[in-house]
Amino acid sequence: MIAKFDEPRTISVTDFKAHCTEELRAVEEKGIRLVITRHGKTIAVVEPPTQYPLRTLGELMGSAASLIEISKGAGLDTQTWSNEDWVMHVDEESP
């Protein structure tokens, strides 16, 4: 099993460039999170991929469907603008 460290390891971009292979191996094998800095400011974070598959927005919305209730009179069943409010600009020189 891969050990996970709670604290990320911080390294300068110069040191990362010099030891890139070793640092990436540590991320892969030890599960560490690597914070790369330039002049003391974070410029990148390298971490192992998540163990859980990422879900799409549709899947997330579907999982919240039972938590959402739209009450009657909320105004979602009627159009809130008139068609005249939306006028398409047509260039007179267009064919």
# chains A, B, ... in the order shown; residues from 1 in each chain; ligands from 1
call {"tool": "residues_around", "arguments": {"residues": "range 33-41 of chain A", "least_positions_apart": "5", "cutoff": "7 Å", "atoms": "only C-alpha atoms", "output": "list in words"}}
result
Pro8, Arg9, Thr10, Ile11, Ser12, Val13, Val27, Val46 and Glu47 of chain A
call {"tool": "atom_distance", "arguments": {"atom1": "CA of Lys30 in chain A", "atom2": "CA of Gln51 in chain A"}}
result
14.1 Å
call {"tool": "closest_residue", "arguments": {"among": "A:Gly62, A:Glu7, A:Pro49, A:Leu54", "to": "Glu29 in chain A", "atoms": "only C-alpha atoms"}}
result
A:Pro49
call {"tool": "atom_distance", "arguments": {"atom1": "CA of Ile43 in chain A", "atom2": "CA of Thr56 in chain A"}}
result
27.2 Å
call {"tool": "closest_residue", "arguments": {"among": "A:Leu60, A:Leu67, A:Arg55, A:Pro48", "to": "Arg25 in chain A", "atoms": "only C-alpha atoms"}}
result
A:Pro48
